[in-house]
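Participant: Provided herewith: data_14.cif, mmCIF, C-alpha atoms.
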```cif
data_start
#
loop_
_atom_site.group_PDB
_atom_site.id
_atom_site.type_symbol
_atom_site.label_atom_id
_atom_site.label_comp_id
_atom_site.auth_asym_id
_atom_site.auth_seq_id
_atom_site.Cartn_x
_atom_site.Cartn_y
_atom_site.Cartn_z
ATOM 1 C CA MET E 20 37.914 -65.424 -1.749
ATOM 2 C CA ILE E 21 36.334 -67.533 1.024
ATOM 3 C CA ALA E 22 37.832 -65.244 3.643
ATOM 4 C CA THR E 23 36.350 -62.246 1.882
ATOM 5 C CA LEU E 24 32.918 -63.806 1.778
ATOM 6 C CA LEU E 25 33.132 -64.672 5.462
ATOM 7 C CA LEU E 26 34.064 -61.063 6.138
ATOM 8 C CA ALA E 27 31.015 -60.000 4.155
ATOM 9 C CA LEU E 28 28.762 -62.218 6.247
ATOM 10 C CA GLY E 29 30.322 -60.856 9.415
ATOM 11 C CA LEU E 30 29.798 -57.333 8.155
ATOM 12 C CA GLN E 31 26.121 -58.077 7.661
ATOM 13 C CA GLY E 32 25.871 -59.368 11.191
ATOM 14 C CA GLN E 33 27.000 -56.077 12.651
ATOM 15 C CA PRO E 34 24.277 -53.802 13.993
ATOM 16 C CA GLN E 35 23.303 -50.942 11.660
ATOM 17 C CA ILE E 36 23.482 -47.487 13.175
ATOM 18 C CA ALA E 37 22.603 -44.172 11.634
ATOM 19 C CA THR E 38 26.159 -42.823 11.659
ATOM 20 C CA GLU E 39 27.717 -45.976 10.246
ATOM 21 C CA ALA E 40 30.281 -45.237 7.568
ATOM 22 C CA PRO E 41 29.497 -46.806 4.182
ATOM 23 C CA GLY E 42 31.591 -49.781 3.150
ATOM 24 C CA ILE E 43 31.626 -52.573 0.610
ATOM 25 C CA VAL E 44 33.172 -56.030 0.232
ATOM 26 C CA ALA E 45 33.043 -58.266 -2.841
ATOM 27 C CA ALA E 46 34.480 -61.485 -4.241
ATOM 28 C CA LEU E 47 34.265 -63.484 -7.450
ATOM 29 C CA THR E 48 32.975 -67.047 -7.357
ATOM 30 C CA GLN E 49 36.097 -68.069 -9.304
ATOM 31 C CA GLU E 50 39.504 -66.476 -9.422
ATOM 32 C CA THR E 51 40.786 -68.326 -12.496
ATOM 33 C CA VAL E 52 39.136 -68.952 -15.859
ATOM 34 C CA GLU E 53 40.723 -71.605 -18.071
ATOM 35 C CA ILE E 54 40.387 -71.359 -21.838
ATOM 36 C CA ARG E 55 40.469 -74.783 -23.483
ATOM 37 C CA GLU E 56 39.864 -75.880 -27.053
ATOM 38 C CA ASP E 57 36.094 -76.123 -26.450
ATOM 39 C CA PHE E 58 35.777 -72.751 -24.672
ATOM 40 C CA ASP E 59 32.706 -70.893 -25.938
ATOM 41 C CA GLY E 60 32.445 -68.242 -23.252
ATOM 42 C CA ALA E 61 31.806 -68.172 -19.522
ATOM 43 C CA GLU E 62 29.669 -66.373 -16.988
ATOM 44 C CA LEU E 63 31.266 -64.707 -13.995
ATOM 45 C CA VAL E 64 29.312 -64.091 -10.812
ATOM 46 C CA LEU E 65 30.423 -61.535 -8.238
ATOM 47 C CA TYR E 66 28.857 -61.507 -4.778
ATOM 48 C CA GLY E 67 29.222 -58.749 -2.267
ATOM 49 C CA ALA E 68 27.834 -56.960 0.741
ATOM 50 C CA THR E 69 27.490 -53.322 1.691
ATOM 51 C CA ARG E 70 27.493 -51.493 5.015
ATOM 52 C CA GLY E 71 25.316 -48.484 5.600
ATOM 53 C CA LEU E 72 23.331 -49.030 2.390
ATOM 54 C CA THR E 73 20.422 -46.656 1.846
ATOM 55 C CA ILE E 74 17.560 -46.773 -0.615
ATOM 56 C CA GLN E 75 19.231 -44.064 -2.724
ATOM 57 C CA ASP E 76 22.493 -45.998 -3.152
ATOM 58 C CA GLU E 77 23.431 -47.799 -6.349
ATOM 59 C CA ILE E 78 26.202 -50.239 -7.254
ATOM 60 C CA VAL E 79 28.490 -50.283 -10.284
ATOM 61 C CA VAL E 80 30.784 -53.195 -11.185
ATOM 62 C CA VAL E 81 33.595 -52.799 -13.725
ATOM 63 C CA LEU E 82 35.668 -55.706 -15.053
ATOM 64 C CA ARG E 83 38.828 -54.487 -16.753
ATOM 65 C CA GLY E 84 41.133 -56.742 -18.777
ATOM 66 C CA PRO E 85 44.871 -56.452 -19.473
ATOM 67 C CA GLY E 86 46.015 -53.388 -21.405
ATOM 68 C CA ARG E 87 47.237 -53.428 -24.989
ATOM 69 C CA ASP E 88 48.615 -50.906 -27.465
ATOM 70 C CA LEU E 89 46.371 -50.090 -30.422
ATOM 71 C CA ARG E 90 47.213 -48.474 -33.722
ATOM 72 C CA VAL E 91 44.076 -47.032 -35.314
ATOM 73 C CA MET E 92 43.983 -45.743 -38.890
ATOM 74 C CA GLN E 93 41.436 -44.102 -41.138
ATOM 75 C CA LYS E 94 40.417 -45.263 -44.606
ATOM 76 C CA ALA E 95 41.217 -42.719 -47.312
ATOM 77 C CA ARG E 96 40.699 -42.862 -51.074
ATOM 78 C CA SER E 97 43.871 -42.284 -53.061
ATOM 79 C CA PHE E 98 43.850 -42.549 -56.869
ATOM 80 C CA GLY E 99 40.734 -44.716 -56.720
ATOM 81 C CA ILE E 100 42.181 -47.079 -54.085
ATOM 82 C CA TRP E 101 41.243 -47.246 -50.411
ATOM 83 C CA VAL E 102 44.359 -47.045 -48.237
ATOM 84 C CA ASN E 103 45.063 -46.682 -44.521
ATOM 85 C CA SER E 104 46.053 -43.184 -43.451
ATOM 86 C CA ALA E 105 46.411 -40.879 -40.424
ATOM 87 C CA PRO E 106 47.468 -43.541 -37.898
ATOM 88 C CA LEU E 107 47.035 -42.799 -34.225
ATOM 89 C CA GLU E 108 48.443 -44.954 -31.426
ATOM 90 C CA PHE E 109 46.708 -45.530 -28.100
ATOM 91 C CA ASP E 110 48.634 -47.015 -25.190
ATOM 92 C CA ASP E 111 47.345 -49.430 -22.571
ATOM 93 C CA VAL E 112 43.775 -49.725 -23.832
ATOM 94 C CA PRO E 113 41.923 -52.484 -21.910
ATOM 95 C CA SER E 114 41.550 -55.553 -24.111
ATOM 96 C CA TYR E 115 38.306 -56.284 -22.252
ATOM 97 C CA TYR E 116 35.965 -53.853 -20.518
ATOM 98 C CA ALA E 117 32.569 -54.733 -19.091
ATOM 99 C CA ILE E 118 30.354 -52.773 -16.755
ATOM 100 C CA ALA E 119 27.282 -53.902 -14.840
ATOM 101 C CA THR E 120 25.048 -51.521 -12.904
ATOM 102 C CA SER E 121 22.018 -51.660 -10.653
ATOM 103 C CA LEU E 122 20.404 -48.865 -12.707
ATOM 104 C CA PRO E 123 21.283 -47.292 -16.063
ATOM 105 C CA LEU E 124 24.659 -45.630 -15.623
ATOM 106 C CA GLU E 125 23.468 -42.197 -16.746
ATOM 107 C CA THR E 126 20.917 -42.162 -13.914
ATOM 108 C CA ILE E 127 23.499 -43.115 -11.287
ATOM 109 C CA ALA E 128 25.970 -40.293 -11.920
ATOM 110 C CA GLY E 129 26.470 -37.367 -14.263
ATOM 111 C CA PRO E 130 29.014 -37.365 -17.103
ATOM 112 C CA GLU E 131 31.414 -35.117 -15.178
ATOM 113 C CA GLU E 132 31.606 -37.486 -12.216
ATOM 114 C CA LEU E 133 31.912 -40.538 -14.474
ATOM 115 C CA GLU E 134 34.726 -38.864 -16.382
ATOM 116 C CA ARG E 135 36.448 -37.895 -13.133
ATOM 117 C CA SER E 136 36.173 -41.469 -11.815
ATOM 118 C CA GLY E 137 37.014 -43.071 -15.180
ATOM 119 C CA ILE E 138 33.886 -45.231 -15.043
ATOM 120 C CA GLY E 139 32.108 -46.211 -18.246
ATOM 121 C CA LEU E 140 33.345 -47.143 -21.698
ATOM 122 C CA GLN E 141 33.322 -43.601 -23.045
ATOM 123 C CA ALA E 142 35.040 -42.174 -19.962
ATOM 124 C CA MET E 143 37.685 -44.911 -20.107
ATOM 125 C CA LEU E 144 38.489 -44.227 -23.764
ATOM 126 C CA GLU E 145 38.556 -40.460 -23.284
ATOM 127 C CA ALA E 146 40.889 -40.813 -20.297
ATOM 128 C CA ASN E 147 43.217 -42.910 -22.447
ATOM 129 C CA ALA E 148 43.156 -40.295 -25.219
ATOM 130 C CA ALA E 149 43.848 -37.515 -22.699
ATOM 131 C CA ALA E 150 47.053 -39.305 -21.691
ATOM 132 C CA MET E 151 48.388 -39.208 -25.266
ATOM 133 C CA GLU E 152 51.452 -37.163 -26.174
ATOM 134 C CA PRO E 153 49.966 -33.670 -26.768
ATOM 135 C CA SER E 154 52.624 -32.713 -29.331
ATOM 136 C CA TRP E 155 51.070 -35.203 -31.751
ATOM 137 C CA LEU E 156 47.712 -33.409 -31.630
ATOM 138 C CA LEU E 157 46.684 -30.250 -33.385
ATOM 139 C CA GLY E 158 44.338 -27.775 -31.760
ATOM 140 C CA ALA E 159 40.747 -27.759 -32.984
ATOM 141 C CA SER E 160 41.195 -24.228 -34.336
ATOM 142 C CA SER E 161 44.477 -24.959 -36.107
ATOM 143 C CA ALA E 162 44.592 -24.053 -39.764
ATOM 144 C CA VAL E 163 47.007 -26.892 -40.575
ATOM 145 C CA ASP E 164 45.399 -29.720 -42.532
ATOM 146 C CA ALA E 165 45.785 -32.972 -40.551
ATOM 147 C CA ALA E 166 46.062 -34.914 -43.815
ATOM 148 C CA ALA E 167 48.773 -32.669 -45.261
ATOM 149 C CA PRO E 168 51.900 -34.695 -46.108
ATOM 150 C CA ASP E 169 54.227 -32.025 -44.695
ATOM 151 C CA ALA E 170 52.526 -31.726 -41.321
ATOM 152 C CA GLN E 171 55.079 -32.160 -38.545
ATOM 153 C CA PRO E 172 54.780 -32.390 -34.751
ATOM 154 C CA ARG E 173 55.527 -29.182 -32.921
ATOM 155 C CA ASN E 174 57.795 -30.783 -30.298
ATOM 156 C CA LEU E 175 59.565 -34.038 -30.995
ATOM 157 C CA PRO E 176 60.235 -36.384 -28.074
ATOM 158 C CA ASP E 177 63.794 -37.509 -27.413
ATOM 159 C CA GLY E 178 64.962 -39.927 -30.080
ATOM 160 C CA ALA E 179 62.107 -39.167 -32.499
ATOM 161 C CA SER E 180 62.891 -38.564 -36.149
ATOM 162 C CA LEU E 181 61.265 -36.367 -38.739
ATOM 163 C CA ALA E 182 61.835 -39.057 -41.390
ATOM 164 C CA GLU E 183 58.609 -40.866 -40.461
ATOM 165 C CA PRO E 184 56.662 -38.465 -38.237
ATOM 166 C CA PRO E 185 53.400 -39.587 -36.651
ATOM 167 C CA ALA E 186 50.210 -38.215 -38.132
ATOM 168 C CA MET E 187 48.998 -34.873 -36.861
ATOM 169 C CA ILE E 188 45.389 -35.291 -35.780
ATOM 170 C CA ARG E 189 43.021 -32.500 -34.852
ATOM 171 C CA GLN E 190 41.870 -32.837 -31.270
ATOM 172 C CA ASP E 191 38.239 -32.576 -32.297
ATOM 173 C CA ARG E 192 38.676 -35.619 -34.557
ATOM 174 C CA VAL E 193 40.105 -37.960 -31.922
ATOM 175 C CA SER E 194 36.536 -38.949 -31.040
ATOM 176 C CA GLU E 195 36.292 -40.670 -34.428
ATOM 177 C CA TYR E 196 39.156 -42.944 -33.442
ATOM 178 C CA LEU E 197 37.595 -43.629 -30.048
ATOM 179 C CA ASP E 198 34.295 -44.515 -31.717
ATOM 180 C CA ALA E 199 36.132 -47.001 -33.949
ATOM 181 C CA ILE E 200 37.762 -48.660 -30.931
ATOM 182 C CA ALA E 201 34.413 -48.908 -29.146
ATOM 183 C CA ARG E 202 32.674 -50.223 -32.263
ATOM 184 C CA ASP E 203 35.231 -53.002 -32.802
ATOM 185 C CA GLY E 204 35.147 -53.927 -29.108
ATOM 186 C CA ARG E 205 31.361 -54.231 -29.107
ATOM 187 C CA ARG E 206 31.485 -56.302 -32.289
ATOM 188 C CA ASP E 207 33.812 -58.828 -30.616
ATOM 189 C CA ASN E 208 31.818 -58.619 -27.346
ATOM 190 C CA VAL E 209 34.928 -57.554 -25.405
ATOM 191 C CA PHE E 210 33.308 -54.201 -24.613
ATOM 192 C CA ALA E 211 29.950 -54.677 -22.901
ATOM 193 C CA GLU E 212 27.559 -52.702 -20.739
ATOM 194 C CA ALA E 213 24.862 -54.521 -18.764
ATOM 195 C CA GLN E 214 22.326 -52.072 -17.370
ATOM 196 C CA ARG E 215 20.635 -53.577 -14.328
ATOM 197 C CA GLY E 216 23.255 -56.326 -14.379
ATOM 198 C CA VAL E 217 23.645 -55.887 -10.620
ATOM 199 C CA GLU E 218 20.893 -57.288 -8.415
ATOM 200 C CA ILE E 219 20.604 -55.782 -4.931
ATOM 201 C CA LEU E 220 19.335 -58.389 -2.481
ATOM 202 C CA ASP E 221 17.999 -58.132 1.046
ATOM 203 C CA GLY E 222 20.274 -57.054 3.880
ATOM 204 C CA GLY E 223 22.654 -55.052 1.719
ATOM 205 C CA LEU E 224 23.825 -58.069 -0.279
ATOM 206 C CA PHE E 225 24.217 -57.851 -4.049
ATOM 207 C CA ARG E 226 25.090 -60.032 -7.007
ATOM 208 C CA ALA E 227 26.507 -59.120 -10.420
ATOM 209 C CA THR E 228 26.736 -61.303 -13.514
ATOM 210 C CA ILE E 229 29.240 -60.594 -16.290
ATOM 211 C CA ALA E 230 29.652 -62.619 -19.486
ATOM 212 C CA LEU E 231 33.036 -63.531 -20.960
ATOM 213 C CA PRO E 232 32.907 -64.027 -24.766
ATOM 214 C CA PRO E 233 34.645 -66.819 -26.705
ATOM 215 C CA LEU E 234 37.354 -64.325 -27.746
ATOM 216 C CA THR E 235 38.213 -63.408 -24.159
ATOM 217 C CA PRO E 236 41.852 -62.195 -24.001
ATOM 218 C CA VAL E 237 44.174 -63.944 -21.565
ATOM 219 C CA GLY E 238 45.867 -62.094 -18.732
ATOM 220 C CA ASP E 239 45.166 -60.488 -15.384
ATOM 221 C CA TYR E 240 41.781 -58.836 -14.827
ATOM 222 C CA VAL E 241 40.570 -56.491 -12.119
ATOM 223 C CA ALA E 242 36.959 -56.294 -10.939
ATOM 224 C CA GLU E 243 36.195 -52.892 -9.411
ATOM 225 C CA VAL E 244 33.047 -52.419 -7.339
ATOM 226 C CA TYR E 245 31.728 -48.946 -6.524
ATOM 227 C CA LEU E 246 29.001 -47.824 -4.137
ATOM 228 C CA PHE E 247 27.373 -44.620 -5.409
ATOM 229 C CA ARG E 248 25.369 -42.152 -3.347
ATOM 230 C CA ASP E 249 23.992 -38.830 -4.592
ATOM 231 C CA GLY E 250 25.810 -39.215 -7.904
ATOM 232 C CA ARG E 251 29.314 -39.891 -6.584
ATOM 233 C CA PRO E 252 31.261 -42.976 -5.408
ATOM 234 C CA ILE E 253 31.542 -43.214 -1.629
ATOM 235 C CA ALA E 254 33.144 -46.667 -1.293
ATOM 236 C CA SER E 255 34.958 -49.117 -3.537
ATOM 237 C CA ARG E 256 36.572 -52.533 -3.492
ATOM 238 C CA SER E 257 38.500 -54.568 -6.066
ATOM 239 C CA ALA E 258 39.031 -58.269 -6.772
ATOM 240 C CA SER E 259 41.446 -59.994 -9.134
ATOM 241 C CA LEU E 260 40.814 -62.556 -11.853
ATOM 242 C CA ARG E 261 43.183 -64.589 -13.996
ATOM 243 C CA VAL E 262 42.257 -65.794 -17.499
ATOM 244 C CA GLU E 263 44.713 -68.311 -18.925
ATOM 245 C CA LYS E 264 45.060 -70.930 -21.598
ATOM 246 C CA ALA E 265 44.835 -74.584 -20.555
ATOM 247 C CA GLY E 266 45.367 -77.960 -22.202
ATOM 248 C CA ILE E 267 46.440 -78.060 -25.852
ATOM 249 C CA GLU E 268 45.468 -74.382 -26.212
ATOM 250 C CA ARG E 269 48.073 -73.419 -23.617
ATOM 251 C CA PHE E 270 50.761 -75.546 -25.281
ATOM 252 C CA PHE E 271 50.365 -73.838 -28.660
ATOM 253 C CA PHE E 272 49.917 -70.404 -27.059
ATOM 254 C CA GLU E 273 53.182 -70.657 -25.129
ATOM 255 C CA PHE E 274 54.933 -72.253 -28.122
ATOM 256 C CA ALA E 275 53.933 -69.347 -30.391
ATOM 257 C CA HIS E 276 54.929 -66.646 -27.879
ATOM 258 C CA ASP E 277 58.096 -68.203 -26.443
ATOM 259 C CA LEU E 278 59.541 -69.625 -29.688
ATOM 260 C CA PRO E 279 57.940 -67.665 -32.538
ATOM 261 C CA ILE E 280 60.521 -68.654 -35.177
ATOM 262 C CA LEU E 281 60.234 -72.369 -34.435
ATOM 263 C CA TYR E 282 56.460 -72.036 -34.304
ATOM 264 C CA GLY E 283 56.452 -70.444 -37.758
ATOM 265 C CA LEU E 284 58.647 -73.217 -39.169
ATOM 266 C CA PHE E 285 56.411 -75.799 -37.547
ATOM 267 C CA CYS E 286 53.328 -74.283 -39.219
ATOM 268 C CA VAL E 287 55.071 -74.261 -42.609
ATOM 269 C CA LEU E 288 56.117 -77.900 -42.264
ATOM 270 C CA LEU E 289 52.642 -78.859 -41.113
ATOM 271 C CA ALA E 290 51.113 -77.134 -44.151
ATOM 272 C CA MET E 291 53.569 -78.886 -46.477
ATOM 273 C CA LEU E 292 52.779 -82.234 -44.882
ATOM 274 C CA ALA E 293 49.039 -81.645 -45.243
ATOM 275 C CA GLY E 294 49.513 -80.721 -48.914
ATOM 276 C CA TYR E 295 51.620 -83.818 -49.519
ATOM 277 C CA ILE E 296 49.055 -86.113 -47.926
ATOM 278 C CA ALA E 297 46.253 -84.470 -49.914
ATOM 279 C CA ASN E 298 48.255 -84.920 -53.126
ATOM 280 C CA LEU E 299 48.761 -88.624 -52.418
ATOM 281 C CA ALA E 300 45.055 -89.080 -51.680
ATOM 282 C CA PHE E 301 43.954 -87.442 -54.953
ATOM 283 C CA ASN E 302 46.563 -89.282 -57.049
ATOM 284 C CA ARG E 303 45.315 -92.652 -55.814
ATOM 285 C CA ARG E 304 41.881 -91.821 -57.184
#
```
I'd like the structure from this file rewritten - as structure tokens, please.
Facilitator:
Amino acid sequence: MIATLLLALGLQGQPQIATEAPGIVAALTQETVEIREDFDGAELVLYGATRGLTIQDEIVVVLRGPGRDLRVMQKARSFGIWVNSAPLEFDDVPSYYAIATSLPLETIAGPEELERSGIGLQAMLEANAAAMEPSWLLGASSAVDAAAPDAQPRNLPDGASLAEPPAMIRQDRVSEYLDAIARDGRRDNVFAEAQRGVEILDGGLFRATIALPPLTPVGDYVAEVYLFRDGRPIASRSASLRVEKAGIERFFFEFAHDLPILYGLFCVLLAMLAGYIANLAFNRR
């Protein structure tokens, strides 16, 4: 990180000429975030420098967390009872996604360019949905009812069985699932958008601030920095970040993931011990 910052300072020291190609360098003030038992969130600061910056240029910073597989279902009323139905699985959805911009994102680039670049929460989710297995999706004009119990996929992948087929979802209804993912992410503060969260300083320098919530997932993160001009990215740079458990939090985290059976037995024994101690305390009274 120090070497990158020194490179940024050297870049600023170079003479600016009219034909200079645009460029960007960036680095986080910390490359590792430790989550301990008293962790209540953190604030990340990213510094950077640009080359060939003009007054029309804008900067976008995206912090993307490790991917996870999500299974999203709809609530349906069946015989007076609300049950989960029509499940849809999304692969490799970022467990954390934050974006900071020097201006509102919609004024920096149009929706087509953002979708093409995969920048923005909506563009990220739509790109993930576009990568889904198309045989599980029905066309918007299909006459087949997506909730019909006998709906079957048109083309089964190798090894798939018709015994428990995945739900057939109309393509024009996938947006409802994406809205649910975005809504839950915003509720837990793991999906965030900070308009004007990037401050452009003198001499082509800039600074971005991104907040990590208390429920920050652990894993490897990537900070992507884009320099936009005339509605399209003309330069980019990335930096890595590691979020990990530390202290007693790390001990129990690794215990639960490496030895899940022993961890479960340990929790049962601990609960029994707590109940026994509570029973003795009340009996003495």
Participant: Using all atoms listed in the file, which protein or nucleic acid residues come within 8 Å of E:Glu62? Drop anything in the same chain fewer than 4 positions from it, and give the result as a PDB file with C-alpha atoms, in the frame of the given file.
Facilitator:
```
ATOM      1  CA  THR E 228      26.736 -61.303 -13.514  1.00  0.00           C
ATOM      2  CA  ILE E 229      29.240 -60.594 -16.290  1.00  0.00           C
ATOM      3  CA  ALA E 230      29.652 -62.619 -19.486  1.00  0.00           C
ATOM      4  CA  LEU E 231      33.036 -63.531 -20.960  1.00  0.00           C
TER       5      LEU E 231
END
```
Participant: I need the residue nearest E:Gly223 from this list: E:Gly129, E:Gly86, E:Gly42, E:Gly266. Use all atoms listed in the file for the distance.
Facilitator: E:Gly42
Participant: Which residues are near E:Ser114? Cut-off 10 Å, all atoms listed in the file, ignore same chain within fewer than 4 positions. Put them as an MDAnalysis selection string.
Facilitator: chainID E and resid 83:89 204 209:210 235:238 240
Participant: My list of candidates is E:Glu243, E:Asp207, E:Asp198, E:Glu218. Which is closest to E:Ala46 when distances are computed with only C-alpha atoms?
Facilitator: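 Smallest distance to E:Ala46 is found for E:Glu243.
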Participant: If you apply the PyMOL selection byres ((chain E and resi 53) around 12) to this file, what residues do you get, as a PyMOL selection string?
Facilitator: chain E and resi 49-52+54-61+231+233+235-238+260-269
Participant: Selection in question (the file shown): the PyMOL selection byres ((chain E and resi 195) around 12). Which residues does it include, as a VMD selection string?
Facilitator: chain E and resid 91 to 94 105 107 144 to 145 148 188 to 194 196 to 202
Participant: Find, counting all atoms listed in the file, the residue in E:Ala146, E:Ile78, E:Leu133, E:Leu288 that gets nearest to E:Asp111.
Facilitator: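 Between E:Ala146, E:Ile78, E:Leu133, E:Leu288, the residue approaching E:Asp111 most closely is E:Ala146.
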